[in-house]
file data_39.cif (mmCIF, C-alpha atoms)
data_target
#
loop_
_atom_site.group_PDB
_atom_site.id
_atom_site.type_symbol
_atom_site.label_atom_id
_atom_site.label_comp_id
_atom_site.auth_asym_id
_atom_site.auth_seq_id
_atom_site.Cartn_x
_atom_site.Cartn_y
_atom_site.Cartn_z
ATOM 1 C CA MET A 136 -18.166 -10.263 -10.124
ATOM 2 C CA ASN A 137 -17.644 -10.696 -6.377
ATOM 3 C CA ASP A 138 -16.301 -14.220 -6.867
ATOM 4 C CA ALA A 139 -13.767 -12.960 -9.406
ATOM 5 C CA ILE A 140 -12.716 -10.230 -6.966
ATOM 6 C CA ARG A 141 -12.357 -12.810 -4.194
ATOM 7 C CA ALA A 142 -10.191 -15.003 -6.422
ATOM 8 C CA ILE A 143 -7.889 -12.044 -7.129
ATOM 9 C CA LEU A 144 -7.735 -11.217 -3.430
ATOM 10 C CA ARG A 145 -6.827 -14.845 -2.707
ATOM 11 C CA ASP A 146 -3.987 -14.728 -5.230
ATOM 12 C CA HIS A 147 -2.618 -11.227 -4.640
ATOM 13 C CA ALA A 148 -3.804 -9.598 -1.399
ATOM 14 C CA ARG A 149 -1.731 -11.713 1.028
ATOM 15 C CA LEU A 150 -4.610 -11.725 3.497
ATOM 16 C CA SER A 151 -4.325 -13.418 6.854
ATOM 17 C CA VAL A 152 -7.800 -14.916 6.344
ATOM 18 C CA ASP A 153 -9.449 -16.950 3.585
ATOM 19 C CA ALA A 154 -10.420 -14.488 0.862
ATOM 20 C CA LEU A 155 -13.136 -16.793 -0.448
ATOM 21 C CA SER A 156 -15.063 -16.597 2.809
ATOM 22 C CA LEU A 157 -14.699 -12.851 3.357
ATOM 23 C CA ALA A 158 -17.849 -10.775 3.759
ATOM 24 C CA ASP A 159 -18.450 -8.232 1.040
ATOM 25 C CA ASP A 160 -18.011 -5.384 3.503
ATOM 26 C CA ALA A 161 -15.033 -6.816 5.398
ATOM 27 C CA ASP A 162 -12.137 -4.380 5.788
ATOM 28 C CA LEU A 163 -9.357 -5.794 3.603
ATOM 29 C CA PHE A 164 -6.624 -3.792 5.313
ATOM 30 C CA LYS A 165 -7.724 -5.094 8.700
ATOM 31 C CA ALA A 166 -7.712 -8.569 7.121
ATOM 32 C CA GLY A 167 -3.997 -8.178 6.457
ATOM 33 C CA MET A 168 -3.694 -6.522 3.066
ATOM 34 C CA SER A 169 -0.750 -4.108 2.932
ATOM 35 C CA SER A 170 -0.603 -1.002 0.771
ATOM 36 C CA HIS A 171 1.865 -2.785 -1.474
ATOM 37 C CA ALA A 172 -0.410 -5.803 -1.821
ATOM 38 C CA SER A 173 -3.242 -3.465 -2.809
ATOM 39 C CA VAL A 174 -1.126 -2.426 -5.820
ATOM 40 C CA ASN A 175 -0.984 -6.061 -6.915
ATOM 41 C CA VAL A 176 -4.729 -6.383 -6.428
ATOM 42 C CA MET A 177 -5.281 -3.271 -8.533
ATOM 43 C CA LEU A 178 -3.056 -4.529 -11.363
ATOM 44 C CA ALA A 179 -4.684 -7.960 -11.298
ATOM 45 C CA LEU A 180 -8.161 -6.394 -11.396
ATOM 46 C CA GLU A 181 -7.115 -4.242 -14.342
ATOM 47 C CA GLY A 182 -5.942 -7.315 -16.209
ATOM 48 C CA LYS A 183 -9.034 -9.350 -15.420
ATOM 49 C CA PHE A 184 -11.642 -6.664 -16.120
ATOM 50 C CA GLU A 185 -9.711 -4.777 -18.823
ATOM 51 C CA VAL A 186 -9.967 -1.430 -17.061
ATOM 52 C CA GLU A 187 -7.512 1.108 -15.726
ATOM 53 C CA PHE A 188 -7.987 2.667 -12.324
ATOM 54 C CA PRO A 189 -7.503 6.438 -12.661
ATOM 55 C CA ASP A 190 -5.409 8.410 -10.181
ATOM 56 C CA ARG A 191 -8.492 9.654 -8.364
ATOM 57 C CA MET A 192 -9.268 6.051 -7.387
ATOM 58 C CA MET A 193 -5.875 5.438 -5.771
ATOM 59 C CA THR A 194 -7.350 5.473 -2.292
ATOM 60 C CA ARG A 195 -7.588 3.057 0.586
ATOM 61 C CA ASP A 196 -11.364 3.410 0.398
ATOM 62 C CA VAL A 197 -11.612 2.050 -3.152
ATOM 63 C CA PHE A 198 -9.579 -1.040 -2.282
ATOM 64 C CA GLY A 199 -10.869 -1.312 1.273
ATOM 65 C CA SER A 200 -13.543 -3.960 0.754
ATOM 66 C CA ILE A 201 -15.021 -6.260 -1.869
ATOM 67 C CA GLU A 202 -18.101 -4.089 -2.197
ATOM 68 C CA HIS A 203 -16.024 -0.954 -2.705
ATOM 69 C CA ILE A 204 -13.894 -2.678 -5.338
ATOM 70 C CA ARG A 205 -17.054 -3.856 -7.060
ATOM 71 C CA GLY A 206 -18.449 -0.323 -7.023
ATOM 72 C CA ALA A 207 -15.293 1.045 -8.603
ATOM 73 C CA LEU A 208 -15.248 -1.682 -11.271
ATOM 74 C CA GLU A 209 -18.908 -1.073 -12.101
ATOM 75 C CA GLU A 210 -18.155 2.613 -12.544
ATOM 76 C CA LEU A 211 -15.167 1.871 -14.780
ATOM 77 C CA THR A 212 -16.972 -0.685 -16.920
ATOM 78 C CA LYS A 213 -20.194 1.342 -17.219
ATOM 79 C CA GLY A 214 -20.968 1.886 -20.862
ATOM 80 C CA ALA A 215 -18.091 -0.330 -21.975
ATOM 81 C CA MET B 1421 -6.134 26.281 13.661
ATOM 82 C CA SER B 1422 -2.794 25.144 14.975
ATOM 83 C CA SER B 1423 -2.623 22.958 18.078
ATOM 84 C CA TYR B 1424 0.310 25.112 19.072
ATOM 85 C CA PRO B 1425 -0.875 28.709 18.758
ATOM 86 C CA LEU B 1426 2.075 30.091 20.670
ATOM 87 C CA LEU B 1427 4.475 28.400 18.309
ATOM 88 C CA ARG B 1428 2.540 29.678 15.328
ATOM 89 C CA ALA B 1429 2.373 33.165 16.793
ATOM 90 C CA SER B 1430 6.138 33.205 17.173
ATOM 91 C CA GLY B 1431 6.588 32.055 13.588
ATOM 92 C CA ALA B 1432 7.902 28.624 14.572
ATOM 93 C CA ALA B 1433 6.817 25.577 12.618
ATOM 94 C CA SER B 1434 5.854 22.094 13.697
ATOM 95 C CA LEU B 1435 7.041 18.877 12.135
ATOM 96 C CA ARG B 1436 5.212 15.983 10.571
ATOM 97 C CA VAL B 1437 6.780 12.567 10.063
ATOM 98 C CA GLY B 1438 5.824 9.362 8.269
ATOM 99 C CA THR B 1439 7.527 6.013 7.861
ATOM 100 C CA ASP B 1440 6.992 2.774 5.967
ATOM 101 C CA LEU B 1441 8.489 -0.695 5.811
ATOM 102 C CA VAL B 1442 8.407 -2.907 2.715
ATOM 103 C CA ASP B 1443 9.300 -6.575 2.345
ATOM 104 C CA VAL B 1444 11.703 -6.653 -0.620
ATOM 105 C CA GLU B 1445 10.561 -10.120 -1.686
ATOM 106 C CA THR B 1446 7.000 -8.866 -2.225
ATOM 107 C CA VAL B 1447 8.359 -6.266 -4.641
ATOM 108 C CA ALA B 1448 10.363 -8.955 -6.436
ATOM 109 C CA ASP B 1449 7.152 -11.004 -6.751
ATOM 110 C CA SER B 1450 5.251 -8.039 -8.167
ATOM 111 C CA ILE B 1451 7.947 -7.384 -10.765
ATOM 112 C CA ARG B 1452 7.897 -11.063 -11.738
ATOM 113 C CA VAL B 1453 4.098 -11.159 -12.044
ATOM 114 C CA PHE B 1454 3.278 -7.725 -13.485
ATOM 115 C CA GLY B 1455 6.597 -6.657 -15.034
ATOM 116 C CA SER B 1456 6.780 -3.246 -16.646
ATOM 117 C CA ARG B 1457 3.122 -2.518 -15.894
ATOM 118 C CA TYR B 1458 3.974 -2.568 -12.186
ATOM 119 C CA LEU B 1459 7.120 -0.499 -12.616
ATOM 120 C CA THR B 1460 5.639 2.191 -14.840
ATOM 121 C CA ARG B 1461 2.534 2.522 -12.688
ATOM 122 C CA LEU B 1462 4.458 3.137 -9.493
ATOM 123 C CA PHE B 1463 7.746 4.724 -10.423
ATOM 124 C CA THR B 1464 8.728 7.818 -12.378
ATOM 125 C CA LEU B 1465 11.178 7.703 -15.258
ATOM 126 C CA HIS B 1466 13.920 9.128 -13.023
ATOM 127 C CA GLU B 1467 13.302 6.454 -10.392
ATOM 128 C CA ARG B 1468 13.313 3.664 -12.964
ATOM 129 C CA GLN B 1469 16.462 4.993 -14.604
ATOM 130 C CA TYR B 1470 18.271 5.067 -11.276
ATOM 131 C CA CYS B 1471 17.197 1.521 -10.419
ATOM 132 C CA ASP B 1472 18.134 0.371 -13.924
ATOM 133 C CA SER B 1473 21.594 1.843 -13.369
ATOM 134 C CA VAL B 1474 21.941 -0.423 -10.330
ATOM 135 C CA THR B 1475 21.128 -3.431 -12.507
ATOM 136 C CA ILE B 1476 23.536 -2.300 -15.203
ATOM 137 C CA ALA B 1477 26.249 -2.025 -12.562
ATOM 138 C CA GLY B 1478 25.604 -5.653 -11.642
ATOM 139 C CA GLY B 1479 23.529 -5.001 -8.544
ATOM 140 C CA ASP B 1480 19.990 -5.944 -7.545
ATOM 141 C CA ALA B 1481 17.543 -3.124 -8.242
ATOM 142 C CA THR B 1482 14.715 -4.701 -6.258
ATOM 143 C CA PRO B 1483 15.647 -3.285 -2.812
ATOM 144 C CA HIS B 1484 15.978 0.141 -4.434
ATOM 145 C CA PHE B 1485 12.475 -0.116 -5.893
ATOM 146 C CA ALA B 1486 11.212 -1.336 -2.511
ATOM 147 C CA ALA B 1487 12.804 1.636 -0.742
ATOM 148 C CA ARG B 1488 11.186 4.008 -3.207
ATOM 149 C CA PHE B 1489 7.785 2.445 -2.672
ATOM 150 C CA ALA B 1490 8.322 2.804 1.095
ATOM 151 C CA ALA B 1491 9.184 6.461 0.505
ATOM 152 C CA LYS B 1492 5.931 7.059 -1.379
ATOM 153 C CA GLU B 1493 3.915 5.469 1.407
ATOM 154 C CA ALA B 1494 5.816 7.437 4.053
ATOM 155 C CA VAL B 1495 5.044 10.677 2.199
ATOM 156 C CA ILE B 1496 1.362 9.752 1.888
ATOM 157 C CA LYS B 1497 1.308 9.380 5.675
ATOM 158 C CA VAL B 1498 2.753 12.881 5.941
ATOM 159 C CA LEU B 1499 0.313 14.319 3.406
ATOM 160 C CA ARG B 1500 -2.699 12.768 5.162
ATOM 161 C CA PRO B 1501 -4.990 12.883 2.129
ATOM 162 C CA PRO B 1502 -8.670 13.360 3.014
ATOM 163 C CA ARG B 1503 -10.795 10.234 2.765
ATOM 164 C CA GLY B 1504 -11.645 9.487 -0.839
ATOM 165 C CA GLU B 1505 -8.903 11.687 -2.277
ATOM 166 C CA GLY B 1506 -6.437 9.722 -4.376
ATOM 167 C CA VAL B 1507 -2.691 10.253 -4.610
ATOM 168 C CA ALA B 1508 -0.938 8.579 -7.526
ATOM 169 C CA TRP B 1509 2.340 6.973 -6.536
ATOM 170 C CA ARG B 1510 4.137 8.666 -9.420
ATOM 171 C CA SER B 1511 3.148 12.061 -8.027
ATOM 172 C CA ILE B 1512 5.724 11.427 -5.279
ATOM 173 C CA GLU B 1513 9.208 11.166 -6.730
ATOM 174 C CA VAL B 1514 12.450 10.218 -5.026
ATOM 175 C CA ARG B 1515 15.335 12.070 -6.615
ATOM 176 C CA ARG B 1516 18.689 10.408 -6.194
ATOM 177 C CA HIS B 1517 21.655 12.772 -6.238
ATOM 178 C CA ALA B 1518 25.177 11.992 -7.373
ATOM 179 C CA ALA B 1519 26.483 12.442 -3.837
ATOM 180 C CA GLY B 1520 24.269 9.545 -2.732
ATOM 181 C CA PHE B 1521 21.512 11.327 -0.837
ATOM 182 C CA CYS B 1522 17.874 11.506 -1.901
ATOM 183 C CA THR B 1523 15.359 14.325 -1.978
ATOM 184 C CA LEU B 1524 11.665 14.486 -2.822
ATOM 185 C CA ARG B 1525 9.856 16.112 -5.695
ATOM 186 C CA LEU B 1526 6.076 16.308 -5.534
ATOM 187 C CA HIS B 1527 3.864 16.529 -8.595
ATOM 188 C CA GLY B 1528 0.138 16.669 -9.275
ATOM 189 C CA ALA B 1529 -2.151 15.620 -6.432
ATOM 190 C CA ALA B 1530 0.706 15.254 -3.950
ATOM 191 C CA ARG B 1531 1.861 18.789 -4.655
ATOM 192 C CA VAL B 1532 -1.692 20.120 -4.300
ATOM 193 C CA LEU B 1533 -2.139 18.310 -0.973
ATOM 194 C CA ALA B 1534 1.158 19.702 0.333
ATOM 195 C CA ARG B 1535 0.179 23.236 -0.578
ATOM 196 C CA ARG B 1536 -3.314 22.889 0.816
ATOM 197 C CA GLY B 1537 -1.957 21.362 4.035
ATOM 198 C CA ARG B 1538 0.670 24.092 4.306
ATOM 199 C CA LEU B 1539 3.477 21.559 4.233
ATOM 200 C CA ARG B 1540 6.987 22.464 3.127
ATOM 201 C CA LYS B 1541 10.643 21.485 3.430
ATOM 202 C CA PHE B 1542 10.098 17.799 2.733
ATOM 203 C CA ALA B 1543 12.980 15.468 3.526
ATOM 204 C CA ILE B 1544 13.371 11.747 2.951
ATOM 205 C CA SER B 1545 15.716 9.034 4.122
ATOM 206 C CA LEU B 1546 15.832 5.521 2.646
ATOM 207 C CA THR B 1547 17.587 2.378 3.740
ATOM 208 C CA HIS B 1548 17.415 -1.242 2.693
ATOM 209 C CA GLU B 1549 18.829 -4.639 3.353
ATOM 210 C CA LYS B 1550 18.230 -7.821 1.390
ATOM 211 C CA GLN B 1551 14.893 -8.493 3.102
ATOM 212 C CA TYR B 1552 13.445 -5.113 4.054
ATOM 213 C CA ALA B 1553 13.404 -1.515 2.883
ATOM 214 C CA VAL B 1554 12.473 1.427 5.084
ATOM 215 C CA ALA B 1555 11.800 5.093 4.416
ATOM 216 C CA VAL B 1556 11.209 8.046 6.703
ATOM 217 C CA ALA B 1557 9.662 11.242 5.388
ATOM 218 C CA MET B 1558 9.504 14.525 7.229
ATOM 219 C CA CYS B 1559 8.238 17.997 6.542
ATOM 220 C CA GLU B 1560 7.485 21.267 8.218
ATOM 221 C CA THR B 1561 4.000 22.697 8.610
ATOM 222 C CA TRP B 1562 3.662 26.457 8.443
#

call {"tool": "encode", "arguments": {"input": "data_39.cif", "output": "structure tokens"}}
result
Amino acid sequence: MNDAIRAILRDHARLSVDALSLADDADLFKAGMSSHASVNVMLALEGKFEVEFPDRMMTRDVFGSIEHIRGALEELTKGA
Amino acid sequence: MSSYPLLRASGAASLRVGTDLVDVETVADSIRVFGSRYLTRLFTLHERQYCDSVTIAGGDATPHFAARFAAKEAVIKVLRPPRGEGVAWRSIEVRRHAAGFCTLRLHGAARVLARRGRLRKFAISLTHEKQYAVAVAMCETW
């Protein structure tokens, strides 16, 4: 799952560093992702994993790192 | 407790301000890639109808969408949501008035945060050029 997240970050997050070499706990906003780019990441994740992020997950924390994104996706896909 | 007890004691309010800058081209890219899913996720019906009216009139709606996204981010900076508390973009609505000025309407989580934070008298100002859109939000704390 982390590789798929990294690929989406590479394509949509507009990071100033190589998304494929980012640590799982690296701060994506510090790595150059803007709030607007995080919307694109969210929409791309929804398309890839066939989920919908609820309003309560619209936080910088959820999209702040690969491991946080993974945690949110695991919660959304649990029982699917 | 207020940082300005004398002001509070006299009934005066303090101000809170937030601003945001958006690259219009990034919004154009998002519309191209995600289409209506992007627009309906971020913008209320009123906001989309206003921007559509720009297109119908022969203009480019993209800077108007970008300015509205900047407004939502500026308001989130004013609301200062606690860590882990989400604010849906559609819960912050820019209302465009016939005279040309804009006001804010808060719904849902944004409205709850404003009440809880004792924030009132929100005001918004938007501007955009071809490349960038900017918004400034302001409110009074009481």

call {"tool": "interface_residues", "arguments": {"input": "data_39.cif", "of": "chain A", "to": "chain B", "cutoff": "8 Å", "atoms": "all atoms listed in the file", "output": "list in words"}}
result
Ser170, His171, Asn175, Leu178, Asp190, Arg191, Met192, Met193, Thr194, Arg195, Asp196 and Val197 of chain A

call {"tool": "resolve_selection", "arguments": {"input": "data_39.cif", "expression": "the PyMOL selection byres ((chain B and resi 1553) around 7)", "output": "ChimeraX atom specification"}}
result
/B:1441-1444,1483,1486-1487,1490,1547-1549,1552,1554-1555

call {"tool": "closest_residue", "arguments": {"input": "data_39.cif", "among": "A:Gly206, A:Ala179, A:Ala172, A:Ile201", "to": "Glu1445 (chain B)", "atoms": "only C-alpha atoms"}}
result
A:Ala172

call {"tool": "residues_around", "arguments": {"input": "data_39.cif", "residues": "Leu1526 (chain B)", "least_positions_apart": "6", "cutoff": "9 Å", "atoms": "only C-alpha atoms", "output": "list of chain:residue names"}}
result
B:Arg1510, B:Ser1511, B:Ile1512, B:Glu1513, B:Val1514, B:Val1532, B:Ala1534

call {"tool": "closest_residue", "arguments": {"input": "data_39.cif", "among": "A:Glu187, A:Asp138, A:Glu202, A:Glu209", "to": "Asp160 (chain A)", "atoms": "only C-alpha atoms"}}
result
A:Glu202

call {"tool": "residues_near_point", "arguments": {"input": "data_39.cif", "point": "(18.1, 1.5, -10.6)", "cutoff": "9 Å", "atoms": "only C-alpha atoms", "output": "MDAnalysis selection string"}}
result
chainID B and resid 1467:1476 1479:1482 1484:1485

call {"tool": "resolve_selection", "arguments": {"input": "data_39.cif", "expression": "the PyMOL selection byres ((chain A and resi 164) around 9)", "output": "list in words"}}
result
Leu150, Ala161, Asp162, Leu163, Lys165, Ala166, Gly167, Met168, Ser169, Ser170, Ser173, Arg195, Phe198, Gly199 and Ser200 of chain A

call {"tool": "resolve_selection", "arguments": {"input": "data_39.cif", "expression": "the PyMOL selection byres ((chain B and resi 1523) around 8)", "output": "ChimeraX atom specification"}}
result
/B:1514-1517,1521-1522,1524-1525,1542-1544

call {"tool": "decode", "arguments": {"input": "data_39.cif", "residues": "region 163-176 of chain A", "atoms": "all heavy atoms", "output": "PDB file, in the first residue's frame"}}
result
ATOM      1  N   LEU A 163       4.808  15.566   4.974  1.00  0.00           N
ATOM      2  CA  LEU A 163       4.565  15.888   3.564  1.00  0.00           C
ATOM      3  C   LEU A 163       4.424  17.390   3.336  1.00  0.00           C
ATOM      4  O   LEU A 163       4.785  17.895   2.271  1.00  0.00           O
ATOM      5  CB  LEU A 163       3.315  15.156   3.073  1.00  0.00           C
ATOM      6  CG  LEU A 163       3.409  13.627   3.111  1.00  0.00           C
ATOM      7  CD1 LEU A 163       2.090  13.003   2.685  1.00  0.00           C
ATOM      8  CD2 LEU A 163       4.544  13.138   2.216  1.00  0.00           C
ATOM      9  N   PHE A 164       3.890  18.096   4.321  1.00  0.00           N
ATOM     10  CA  PHE A 164       3.746  19.546   4.156  1.00  0.00           C
ATOM     11  C   PHE A 164       5.121  20.220   4.196  1.00  0.00           C
ATOM     12  O   PHE A 164       5.390  21.146   3.436  1.00  0.00           O
ATOM     13  CB  PHE A 164       2.790  20.112   5.204  1.00  0.00           C
ATOM     14  CG  PHE A 164       1.359  19.677   4.971  1.00  0.00           C
ATOM     15  CD1 PHE A 164       0.819  18.629   5.692  1.00  0.00           C
ATOM     16  CD2 PHE A 164       0.571  20.290   3.997  1.00  0.00           C
ATOM     17  CE1 PHE A 164      -0.485  18.207   5.467  1.00  0.00           C
ATOM     18  CE2 PHE A 164      -0.727  19.871   3.762  1.00  0.00           C
ATOM     19  CZ  PHE A 164      -1.265  18.826   4.497  1.00  0.00           C
ATOM     20  N   LYS A 165       5.991  19.706   5.067  1.00  0.00           N
ATOM     21  CA  LYS A 165       7.351  20.250   5.097  1.00  0.00           C
ATOM     22  C   LYS A 165       8.100  19.867   3.817  1.00  0.00           C
ATOM     23  O   LYS A 165       9.051  20.540   3.421  1.00  0.00           O
ATOM     24  CB  LYS A 165       8.113  19.741   6.317  1.00  0.00           C
ATOM     25  CG  LYS A 165       7.675  20.417   7.613  1.00  0.00           C
ATOM     26  CD  LYS A 165       8.477  19.912   8.792  1.00  0.00           C
ATOM     27  CE  LYS A 165       8.026  20.596  10.077  1.00  0.00           C
ATOM     28  NZ  LYS A 165       8.651  19.998  11.275  1.00  0.00           N
ATOM     29  N   ALA A 166       7.673  18.783   3.182  1.00  0.00           N
ATOM     30  CA  ALA A 166       8.317  18.347   1.933  1.00  0.00           C
ATOM     31  C   ALA A 166       7.755  19.090   0.724  1.00  0.00           C
ATOM     32  O   ALA A 166       8.085  18.759  -0.410  1.00  0.00           O
ATOM     33  CB  ALA A 166       8.140  16.839   1.758  1.00  0.00           C
ATOM     34  N   GLY A 167       6.892  20.071   0.979  1.00  0.00           N
ATOM     35  CA  GLY A 167       6.446  20.939  -0.112  1.00  0.00           C
ATOM     36  C   GLY A 167       5.004  20.797  -0.546  1.00  0.00           C
ATOM     37  O   GLY A 167       4.560  21.507  -1.448  1.00  0.00           O
ATOM     38  N   MET A 168       4.262  19.892   0.058  1.00  0.00           N
ATOM     39  CA  MET A 168       2.868  19.724  -0.347  1.00  0.00           C
ATOM     40  C   MET A 168       2.025  20.891   0.183  1.00  0.00           C
ATOM     41  O   MET A 168       2.053  21.189   1.380  1.00  0.00           O
ATOM     42  CB  MET A 168       2.308  18.392   0.179  1.00  0.00           C
ATOM     43  CG  MET A 168       0.891  18.117  -0.302  1.00  0.00           C
ATOM     44  SD  MET A 168       0.324  16.440   0.088  1.00  0.00           S
ATOM     45  CE  MET A 168       0.094  16.572   1.873  1.00  0.00           C
ATOM     46  N   SER A 169       1.274  21.526  -0.694  1.00  0.00           N
ATOM     47  CA  SER A 169       0.388  22.614  -0.270  1.00  0.00           C
ATOM     48  C   SER A 169      -0.964  22.029   0.133  1.00  0.00           C
ATOM     49  O   SER A 169      -1.270  20.866  -0.151  1.00  0.00           O
ATOM     50  CB  SER A 169       0.193  23.608  -1.416  1.00  0.00           C
ATOM     51  OG  SER A 169      -0.519  22.984  -2.464  1.00  0.00           O
ATOM     52  N   SER A 170      -1.785  22.852   0.768  1.00  0.00           N
ATOM     53  CA  SER A 170      -3.130  22.402   1.117  1.00  0.00           C
ATOM     54  C   SER A 170      -3.905  22.014  -0.138  1.00  0.00           C
ATOM     55  O   SER A 170      -4.635  21.026  -0.149  1.00  0.00           O
ATOM     56  CB  SER A 170      -3.892  23.513   1.855  1.00  0.00           C
ATOM     57  OG  SER A 170      -3.259  23.804   3.068  1.00  0.00           O
ATOM     58  N   HIS A 171      -3.719  22.810  -1.194  1.00  0.00           N
ATOM     59  CA  HIS A 171      -4.441  22.502  -2.430  1.00  0.00           C
ATOM     60  C   HIS A 171      -3.966  21.186  -3.034  1.00  0.00           C
ATOM     61  O   HIS A 171      -4.773  20.380  -3.512  1.00  0.00           O
ATOM     62  CB  HIS A 171      -4.293  23.639  -3.444  1.00  0.00           C
ATOM     63  CG  HIS A 171      -5.145  23.436  -4.652  1.00  0.00           C
ATOM     64  ND1 HIS A 171      -4.638  22.932  -5.820  1.00  0.00           N
ATOM     65  CD2 HIS A 171      -6.478  23.593  -4.842  1.00  0.00           C
ATOM     66  CE1 HIS A 171      -5.627  22.823  -6.696  1.00  0.00           C
ATOM     67  NE2 HIS A 171      -6.741  23.222  -6.134  1.00  0.00           N
ATOM     68  N   ALA A 172      -2.666  20.945  -2.981  1.00  0.00           N
ATOM     69  CA  ALA A 172      -2.150  19.676  -3.511  1.00  0.00           C
ATOM     70  C   ALA A 172      -2.676  18.495  -2.694  1.00  0.00           C
ATOM     71  O   ALA A 172      -2.903  17.402  -3.236  1.00  0.00           O
ATOM     72  CB  ALA A 172      -0.624  19.684  -3.507  1.00  0.00           C
ATOM     73  N   SER A 173      -2.900  18.717  -1.402  1.00  0.00           N
ATOM     74  CA  SER A 173      -3.423  17.618  -0.577  1.00  0.00           C
ATOM     75  C   SER A 173      -4.841  17.221  -1.004  1.00  0.00           C
ATOM     76  O   SER A 173      -5.246  16.074  -0.831  1.00  0.00           O
ATOM     77  CB  SER A 173      -3.389  17.976   0.919  1.00  0.00           C
ATOM     78  OG  SER A 173      -4.404  18.906   1.265  1.00  0.00           O
ATOM     79  N   VAL A 174      -5.577  18.166  -1.587  1.00  0.00           N
ATOM     80  CA  VAL A 174      -6.907  17.833  -2.139  1.00  0.00           C
ATOM     81  C   VAL A 174      -6.739  16.853  -3.298  1.00  0.00           C
ATOM     82  O   VAL A 174      -7.457  15.853  -3.405  1.00  0.00           O
ATOM     83  CB  VAL A 174      -7.629  19.103  -2.636  1.00  0.00           C
ATOM     84  CG1 VAL A 174      -8.938  18.734  -3.317  1.00  0.00           C
ATOM     85  CG2 VAL A 174      -7.870  20.076  -1.489  1.00  0.00           C
ATOM     86  N   ASN A 175      -5.782  17.154  -4.175  1.00  0.00           N
ATOM     87  CA  ASN A 175      -5.531  16.259  -5.311  1.00  0.00           C
ATOM     88  C   ASN A 175      -5.111  14.871  -4.840  1.00  0.00           C
ATOM     89  O   ASN A 175      -5.529  13.858  -5.405  1.00  0.00           O
ATOM     90  CB  ASN A 175      -4.449  16.847  -6.214  1.00  0.00           C
ATOM     91  CG  ASN A 175      -4.898  18.117  -6.883  1.00  0.00           C
ATOM     92  OD1 ASN A 175      -6.090  18.411  -6.949  1.00  0.00           O
ATOM     93  ND2 ASN A 175      -3.948  18.886  -7.370  1.00  0.00           N
ATOM     94  N   VAL A 176      -4.255  14.852  -3.819  1.00  0.00           N
ATOM     95  CA  VAL A 176      -3.822  13.564  -3.266  1.00  0.00           C
ATOM     96  C   VAL A 176      -5.038  12.801  -2.742  1.00  0.00           C
ATOM     97  O   VAL A 176      -5.205  11.608  -3.005  1.00  0.00           O
ATOM     98  CB  VAL A 176      -2.786  13.792  -2.144  1.00  0.00           C
ATOM     99  CG1 VAL A 176      -2.523  12.503  -1.362  1.00  0.00           C
ATOM    100  CG2 VAL A 176      -1.480  14.332  -2.742  1.00  0.00           C
TER     101      VAL A 176
END
